[in-house]
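Q: For reference, the file model.txt (compact mmCIF, C-alpha atoms) is included below:
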```
# COMPACT_ATOMS: atom_id res chain seq x y z
CA MET A 6 21.70 -19.54 36.28
CA THR A 7 20.91 -15.92 35.63
CA GLN A 8 20.91 -14.84 31.99
CA THR A 9 22.03 -11.38 31.02
CA ALA A 10 19.47 -9.56 28.88
CA PRO A 11 20.78 -8.32 25.54
CA PRO A 12 21.52 -4.62 25.47
CA SER A 13 18.63 -2.56 24.17
CA THR A 14 18.92 0.17 21.58
CA PRO A 15 19.47 3.56 23.27
CA PRO A 16 16.33 5.76 23.15
CA GLY A 17 18.20 8.51 21.30
CA LYS A 18 19.28 6.15 18.54
CA ARG A 19 15.77 4.68 18.28
CA MET A 20 14.35 8.17 17.84
CA LEU A 21 16.89 9.06 15.15
CA SER A 22 16.26 5.81 13.32
CA GLU A 23 12.51 6.43 13.42
CA GLN A 24 12.98 9.94 12.03
CA VAL A 25 15.26 8.77 9.22
CA TYR A 26 12.91 5.90 8.42
CA GLY A 27 9.95 8.26 8.22
CA HIS A 28 11.86 10.71 6.03
CA LEU A 29 12.99 8.00 3.60
CA ARG A 30 9.58 6.33 3.49
CA ASP A 31 7.86 9.62 2.67
CA ALA A 32 10.47 10.47 0.03
CA ILE A 33 10.04 7.10 -1.70
CA MET A 34 6.25 7.37 -1.57
CA ARG A 35 6.36 10.90 -3.02
CA GLY A 36 8.51 9.71 -5.88
CA ASP A 37 11.59 11.71 -4.84
CA HIS A 38 13.62 8.55 -5.50
CA SER A 39 12.78 7.03 -8.88
CA PRO A 40 12.21 3.28 -9.29
CA GLY A 41 15.54 1.46 -9.38
CA THR A 42 17.47 4.38 -7.86
CA ALA A 43 20.31 3.46 -5.52
CA LEU A 44 19.86 4.41 -1.86
CA LYS A 45 23.43 5.01 -0.73
CA PRO A 46 23.78 4.84 3.06
CA GLN A 47 26.81 7.14 3.08
CA ASP A 48 25.04 9.87 1.13
CA LEU A 49 21.85 9.52 3.14
CA ALA A 50 23.76 9.68 6.43
CA LYS A 51 25.48 12.88 5.33
CA GLU A 52 22.22 14.38 4.10
CA GLN A 53 20.40 13.58 7.36
CA GLY A 54 23.34 14.37 9.64
CA VAL A 55 23.24 10.98 11.35
CA SER A 56 25.48 7.94 11.66
CA LEU A 57 25.76 5.22 9.04
CA ALA A 58 24.35 2.71 11.54
CA VAL A 59 21.16 4.76 11.97
CA VAL A 60 20.62 4.96 8.20
CA ARG A 61 21.24 1.24 7.73
CA GLU A 62 18.72 0.41 10.44
CA ALA A 63 16.11 2.56 8.69
CA LEU A 64 16.90 1.01 5.30
CA VAL A 65 16.60 -2.53 6.65
CA ARG A 66 13.16 -1.62 7.98
CA LEU A 67 12.17 -0.29 4.56
CA VAL A 68 13.35 -3.55 2.98
CA GLY A 69 11.07 -5.45 5.35
CA GLU A 70 8.11 -3.37 4.15
CA GLY A 71 8.90 -3.86 0.47
CA LEU A 72 9.83 -0.20 -0.04
CA ALA A 73 13.51 -0.91 -0.72
CA ASP A 74 15.65 -3.77 -1.98
CA ARG A 75 18.85 -5.03 -0.41
CA LEU A 76 21.23 -5.85 -3.24
CA PRO A 77 24.17 -8.27 -2.80
CA ASN A 78 27.38 -6.25 -2.64
CA ARG A 79 25.57 -3.18 -3.98
CA GLY A 80 23.78 -1.74 -0.96
CA PHE A 81 20.15 -0.66 -1.23
CA ALA A 82 17.83 0.58 -3.96
CA VAL A 83 14.22 1.55 -4.63
CA PRO A 84 12.41 -1.41 -6.25
CA SER A 85 11.97 -1.24 -10.03
CA PHE A 86 8.77 -1.15 -12.10
CA SER A 87 9.64 -4.52 -13.61
CA ASP A 88 10.08 -6.30 -10.28
CA ARG A 89 8.11 -9.54 -10.44
CA ARG A 90 6.96 -9.10 -6.84
CA TRP A 91 4.31 -6.55 -7.89
CA GLN A 92 2.59 -9.02 -10.20
CA GLU A 93 2.86 -11.79 -7.60
CA ILE A 94 1.26 -9.58 -4.95
CA ALA A 95 -1.43 -8.54 -7.43
CA GLU A 96 -2.14 -12.18 -8.24
CA ALA A 97 -2.39 -12.99 -4.54
CA ARG A 98 -4.79 -10.10 -3.97
CA ARG A 99 -6.98 -11.08 -6.94
CA THR A 100 -7.12 -14.61 -5.56
CA VAL A 101 -7.91 -13.75 -1.94
CA GLU A 102 -9.77 -10.45 -1.72
CA PRO A 103 -12.76 -11.17 -3.99
CA VAL A 104 -13.42 -14.33 -1.96
CA VAL A 105 -13.27 -12.37 1.30
CA LEU A 106 -15.55 -9.70 -0.16
CA ARG A 107 -18.10 -12.37 -1.05
CA MET A 108 -18.04 -13.51 2.57
CA ALA A 109 -18.44 -9.92 3.76
CA VAL A 110 -21.45 -9.33 1.52
CA GLU A 111 -23.06 -12.51 2.81
CA ARG A 112 -22.21 -12.01 6.49
CA GLY A 113 -22.04 -8.26 7.04
CA ASP A 114 -24.68 -6.65 9.26
CA VAL A 115 -26.28 -3.20 9.24
CA ASP A 116 -23.37 -1.71 11.20
CA TRP A 117 -21.01 -2.98 8.50
CA GLU A 118 -23.16 -1.35 5.84
CA ALA A 119 -22.98 1.96 7.72
CA ARG A 120 -19.19 1.72 8.03
CA VAL A 121 -18.81 0.99 4.32
CA ARG A 122 -20.93 4.00 3.42
CA ALA A 123 -19.01 6.25 5.82
CA ALA A 124 -15.62 5.02 4.57
CA HIS A 125 -16.63 5.64 0.97
CA HIS A 126 -17.90 9.12 1.82
CA ARG A 127 -14.60 9.96 3.49
CA LEU A 128 -12.68 8.65 0.47
CA THR A 129 -14.69 10.75 -1.99
CA ARG A 130 -14.20 13.89 0.12
CA THR A 131 -10.43 13.50 0.57
CA PRO A 132 -8.21 15.14 -2.11
CA ALA A 133 -6.09 12.51 -3.85
CA TYR A 134 -3.28 14.86 -4.82
CA GLY A 135 -1.59 17.86 -3.25
CA PRO A 136 1.25 20.09 -4.45
CA GLU A 137 3.19 19.52 -1.24
CA GLU A 138 3.23 15.73 -1.61
CA GLY A 139 4.69 15.23 -5.09
CA ALA A 140 3.18 13.38 -8.04
CA TYR A 141 1.66 10.52 -6.07
CA TYR A 142 -1.25 10.23 -3.68
CA THR A 143 -1.47 12.32 -0.52
CA GLU A 144 -1.03 10.47 2.75
CA ALA A 145 -4.57 11.42 3.79
CA TRP A 146 -6.07 9.94 0.62
CA ALA A 147 -3.91 6.82 0.85
CA GLU A 148 -5.20 6.19 4.37
CA ALA A 149 -8.83 6.84 3.37
CA HIS A 150 -8.33 4.44 0.46
CA ARG A 151 -6.94 1.73 2.74
CA VAL A 152 -9.77 2.15 5.24
CA PHE A 153 -12.41 1.88 2.51
CA HIS A 154 -10.99 -1.35 1.09
CA ARG A 155 -10.49 -2.88 4.53
CA THR A 156 -13.96 -1.86 5.70
CA LEU A 157 -15.48 -3.58 2.67
CA LEU A 158 -13.85 -6.84 3.77
CA GLU A 159 -14.47 -6.51 7.53
CA GLY A 160 -17.96 -7.91 7.16
CA CYS A 161 -16.39 -11.36 6.67
CA GLY A 162 -15.73 -11.53 10.41
CA ASN A 163 -12.51 -13.54 9.91
CA HIS A 164 -9.51 -11.89 11.60
CA ALA A 165 -6.98 -14.20 9.96
CA LEU A 166 -8.18 -13.18 6.50
CA LEU A 167 -8.15 -9.50 7.47
CA GLU A 168 -4.57 -9.82 8.73
CA THR A 169 -3.66 -11.34 5.37
CA PHE A 170 -5.23 -8.33 3.65
CA ASP A 171 -3.23 -5.98 5.89
CA ARG A 172 0.07 -7.63 4.93
CA MET A 173 -0.69 -7.62 1.22
CA TRP A 174 -1.86 -4.00 1.32
CA THR A 175 1.37 -2.83 2.94
CA ALA A 176 3.45 -4.83 0.48
CA SER A 177 1.64 -3.32 -2.52
CA GLU A 178 1.43 0.32 -1.40
CA LEU A 179 4.37 1.55 -3.48
CA ALA A 180 3.21 -0.22 -6.64
CA ARG A 181 -0.28 1.20 -6.13
CA ARG A 182 1.07 4.75 -6.16
CA TRP A 183 3.19 4.07 -9.21
CA SER A 184 0.18 2.61 -10.98
CA ALA A 185 -1.86 5.78 -10.49
CA HIS A 186 1.04 7.91 -11.72
CA ARG A 187 1.39 5.85 -14.91
CA ASP A 188 -2.36 5.73 -15.64
CA PRO A 189 -3.65 9.22 -14.75
CA ASP A 190 -6.81 8.82 -16.86
CA ARG A 191 -8.12 5.90 -14.83
CA ASP A 192 -11.46 6.60 -13.16
CA GLY A 193 -10.74 5.22 -9.71
CA ALA A 194 -13.65 7.14 -8.18
CA ARG A 195 -16.11 5.29 -10.41
CA GLU A 196 -14.52 1.94 -9.52
CA HIS A 197 -14.84 2.66 -5.80
CA ARG A 198 -18.45 3.79 -6.23
CA GLU A 199 -19.28 0.56 -8.06
CA LEU A 200 -17.67 -1.44 -5.26
CA GLU A 201 -19.75 0.34 -2.62
CA GLU A 202 -22.97 -0.01 -4.60
CA ALA A 203 -22.52 -3.72 -5.29
CA ALA A 204 -21.57 -4.49 -1.68
CA LEU A 205 -24.51 -2.59 -0.18
CA ALA A 206 -26.88 -4.12 -2.73
CA ARG A 207 -25.72 -7.51 -1.41
CA ASP A 208 -24.72 -8.52 -4.93
CA ALA A 209 -21.76 -10.78 -4.17
CA ASP A 210 -21.12 -11.78 -7.79
CA THR A 211 -20.93 -8.20 -9.04
CA ALA A 212 -18.91 -7.02 -6.04
CA ALA A 213 -16.31 -9.76 -6.56
CA ALA A 214 -16.13 -9.07 -10.30
CA VAL A 215 -15.70 -5.31 -9.78
CA LEU A 216 -12.98 -5.87 -7.20
CA THR A 217 -11.13 -8.32 -9.45
CA ARG A 218 -11.15 -5.79 -12.28
CA HIS A 219 -10.11 -2.99 -9.91
CA LEU A 220 -7.07 -4.97 -8.78
CA SER A 221 -6.24 -6.07 -12.33
CA LEU A 222 -6.15 -2.47 -13.57
CA THR A 223 -3.65 -1.56 -10.87
CA ALA A 224 -1.36 -4.42 -11.88
CA ALA A 225 -1.76 -3.73 -15.60
CA ALA A 226 -0.65 -0.12 -15.22
CA LEU A 227 2.78 -1.31 -14.08
CA ASN A 228 3.38 -3.38 -17.20
CA ASP A 229 5.37 -1.87 -20.03
CA GLY A 230 3.76 -4.06 -22.66
CA SER A 231 0.23 -4.32 -23.94
CA GLU A 232 -1.24 -5.84 -20.76
CA ARG A 233 -2.94 -2.59 -19.69
CA ALA A 234 -6.59 -3.38 -19.15
CA THR A 235 -9.19 -1.56 -21.23
```
Since I need it in another form, could you write the structure as structure tokens?
A:
Amino acid sequence: MTQTAPPSTPPGKRMLSEQVYGHLRDAIMRGDHSPGTALKPQDLAKEQGVSLAVVREALVRLVGEGLADRLPNRGFAVPSFSDRRWQEIAEARRTVEPVVLRMAVERGDVDWEARVRAAHHRLTRTPAYGPEEGAYYTEAWAEAHRVFHRTLLEGCGNHALLETFDRMWTASELARRWSAHRDPDRDGAREHRELEEAALARDADTAAAVLTRHLSLTAAALNDGSERAT
């Protein structure tokens, strides 16, 4: 018995959905939509000049990436500062990443050392902020930042662990940008330099401790109370 394949999304609609998704993602990352702000499909469709279905498809994709919430009977919204997910992701990262970094320090070869140094150099030479990209990090810096952290861990040689890092990084990207905006005096450059130095010195204990503190400061900056690390 021959089965009929389900109809695929027309190329034109896919392209529109991709464009709307990209526009909304960039706007949320730039801070154009404040935490907790409603994302109304009708208004967004009118603003973008596309159908409601195209906007909803883009919003559902954003929900899957943790950049929007789907609220029962209330549509969509940007996640809030107080959302517990940020602290849960931070806890997961503090649990997993220092362990993986220890493995990388113990297992990484000379090529890994060279990649870590190159990734850190690129990060230090990439402007973190730009007037055209709002109050949060530039896309170029955000990518250099991701590459540096991932390169540090790549020496572990375990693809399953690196895939776990990739998922957690994507899930925490929005909170990371908010954290920097709320704690502008934080010396992230020094923290990254200490990470590079400890890793290349093959000091697993120090590298893990520096990374744990680095991740804790990001989480603390999102708290409204007195949990901000000193």
Q: How many Å separate atom CA of Leu179 of chain A from atom CA of Ala58 of chain A?
A: 25.0 Å
Q: Grab the atom CA of Gly113 of chain A to atom CA of Glu159 of chain A distance for me, in Å with one decimal place.
A: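 Going from atom CA of Gly113 of chain A over to atom CA of Glu159 of chain A covers 7.8 Å.
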Q: Leaving out Thr156 of chain A and any residue of its chain fewer than 3 positions from it, which residues lie within 8 Å of it when counting all atoms listed in the file, given as a list in words?
A: Trp117, Arg120, Val121, Ala124, Val152, Phe153, Glu159 and Gly160 of chain A
Q: Name the residues within 12 Å of (-2.4, -6.4, 6.4), counting only C-alpha atoms in the file's coordinates, and put them as a PyMOL selection string.
A: chain A and resi 70+98+102+151-152+154-155+158+164-178
Q: Would you export the selected residues with C-alpha atoms as a tab-separated table (two decimals), in the coordinates of the input, please?
A:
```tsv
chain	number	residue	atom	x	y	z
A	70	GLU	CA	8.11	-3.37	4.15
A	98	ARG	CA	-4.79	-10.10	-3.97
A	102	GLU	CA	-9.77	-10.45	-1.72
A	151	ARG	CA	-6.94	1.73	2.74
A	152	VAL	CA	-9.77	2.15	5.24
A	154	HIS	CA	-10.99	-1.35	1.09
A	155	ARG	CA	-10.49	-2.88	4.53
A	158	LEU	CA	-13.85	-6.84	3.77
A	164	HIS	CA	-9.51	-11.89	11.60
A	165	ALA	CA	-6.98	-14.20	9.96
A	166	LEU	CA	-8.18	-13.18	6.50
A	167	LEU	CA	-8.15	-9.50	7.47
A	168	GLU	CA	-4.57	-9.82	8.73
A	169	THR	CA	-3.66	-11.34	5.37
A	170	PHE	CA	-5.23	-8.33	3.65
A	171	ASP	CA	-3.23	-5.98	5.89
A	172	ARG	CA	0.07	-7.63	4.93
A	173	MET	CA	-0.69	-7.62	1.22
A	174	TRP	CA	-1.86	-4.00	1.32
A	175	THR	CA	1.37	-2.83	2.94
A	176	ALA	CA	3.45	-4.83	0.48
A	177	SER	CA	1.64	-3.32	-2.52
A	178	GLU	CA	1.43	0.32	-1.40
```
Q: Do you know which residues are at most 7 Å from Leu220 of chain A counting only C-alpha atoms, after dropping those on the same chain fewer than 4 positions away, and could you put them as a list in words?
A: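 Close residues of Leu220 of chain A: Ala95, Arg99, Leu216 and Ala224 of chain A.
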Q: Just the residues within 10 Å of Ala194 of chain A, please, counting all atoms listed in the file, with nothing from its chain fewer than 3 positions along; format it as a list in words.
A: His125, Leu128, Thr129, Arg191, His197, Arg198, Glu199 and Leu200 of chain A
Q: May I have the residues from that selection written out with C-alpha atoms, as a short mmCIF file (atom, residue, chain, number, x, y, z; two decimals), in the coordinates of the input?
A:
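Result went into again34.cif, see below:
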```cif
data_model
loop_
_atom_site.label_atom_id
_atom_site.label_comp_id
_atom_site.auth_asym_id
_atom_site.auth_seq_id
_atom_site.Cartn_x
_atom_site.Cartn_y
_atom_site.Cartn_z
CA HIS A 125 -16.63 5.64 0.97
CA LEU A 128 -12.68 8.65 0.47
CA THR A 129 -14.69 10.75 -1.99
CA ARG A 191 -8.12 5.90 -14.83
CA HIS A 197 -14.84 2.66 -5.80
CA ARG A 198 -18.45 3.79 -6.23
CA GLU A 199 -19.28 0.56 -8.06
CA LEU A 200 -17.67 -1.44 -5.26
#
```
Q: Tell me, as a list of chain:residue names, which residues lie within 10 Å of segment 59-61 of chain A, counting all atoms listed in the file; anything in the same chain fewer than 4 positions away does not count.
A: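 Near neighbours after the sequence-gap exclusion: A:Lys18, A:Arg19, A:Met20, A:Leu21, A:Ser22, A:Glu23, A:Gln24, A:Val25, A:Tyr26, A:Leu29, A:Lys45, A:Pro46, A:Gln47, A:Asp48, A:Leu49, A:Ala50, A:Lys51, A:Gln53, A:Gly54, A:Val55, A:Val65, A:Arg66, A:Leu67, A:Gly80, A:Phe81.
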Q: Can you tell me which residues surround segment 109-111 of chain A at a distance of at most 9 Å, considering all atoms listed in the file, apart from same-chain residues fewer than 4 positions away, and format the answer as a list in words?
A: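 In the requested form, the answer reads Val104, Val105, Trp117, Leu157, Leu158, Glu159, Gly160, Cys161, Gly162, Ala203, Ala204, Leu205, Ala206, Arg207, Asp208, Ala209 and Ala212 of chain A.
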Q: Distance atom CA of Ala82 of chain A-atom CA of Ala180 of chain A, one decimal place?
A: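 That distance, rounded to one decimal, is 14.9 Å.
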Q: Restricting the calculation to only C-alpha atoms: of A:Trp91, A:Phe86, A:Tyr134, A:Tyr142, which residue gets closest to Arg182 of chain A?
A: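 Checking each candidate against Arg182 of chain A, we get A:Tyr142 as the closest.
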Q: Pick the closest to Trp183 of chain A from A:Arg127, A:Arg112, A:Thr223, A:Ala97: which is it, counting only C-alpha atoms?
A: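 With only C-alpha atoms as the atom set, the closest residue is A:Thr223.
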Q: Would you compute the box with edges along x, y and z of the file around segment 45-54 of chain A, including every atom the file lists for it and 4 Å extra on each side, and give its centre and edge lengths in Å to one decimal, as JSON?
A:
```
{"center_x": 23.6, "center_y": 9.6, "center_z": 4.5, "size_x": 14.4, "size_y": 17.5, "size_z": 18.4}
```
Q: I'd like to know which of A:His28, A:Arg122, A:His38, A:Arg218 is closest to Thr100 of chain A, using only C-alpha atoms.
A: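 With only C-alpha atoms as the atom set, the closest residue is A:Arg218.
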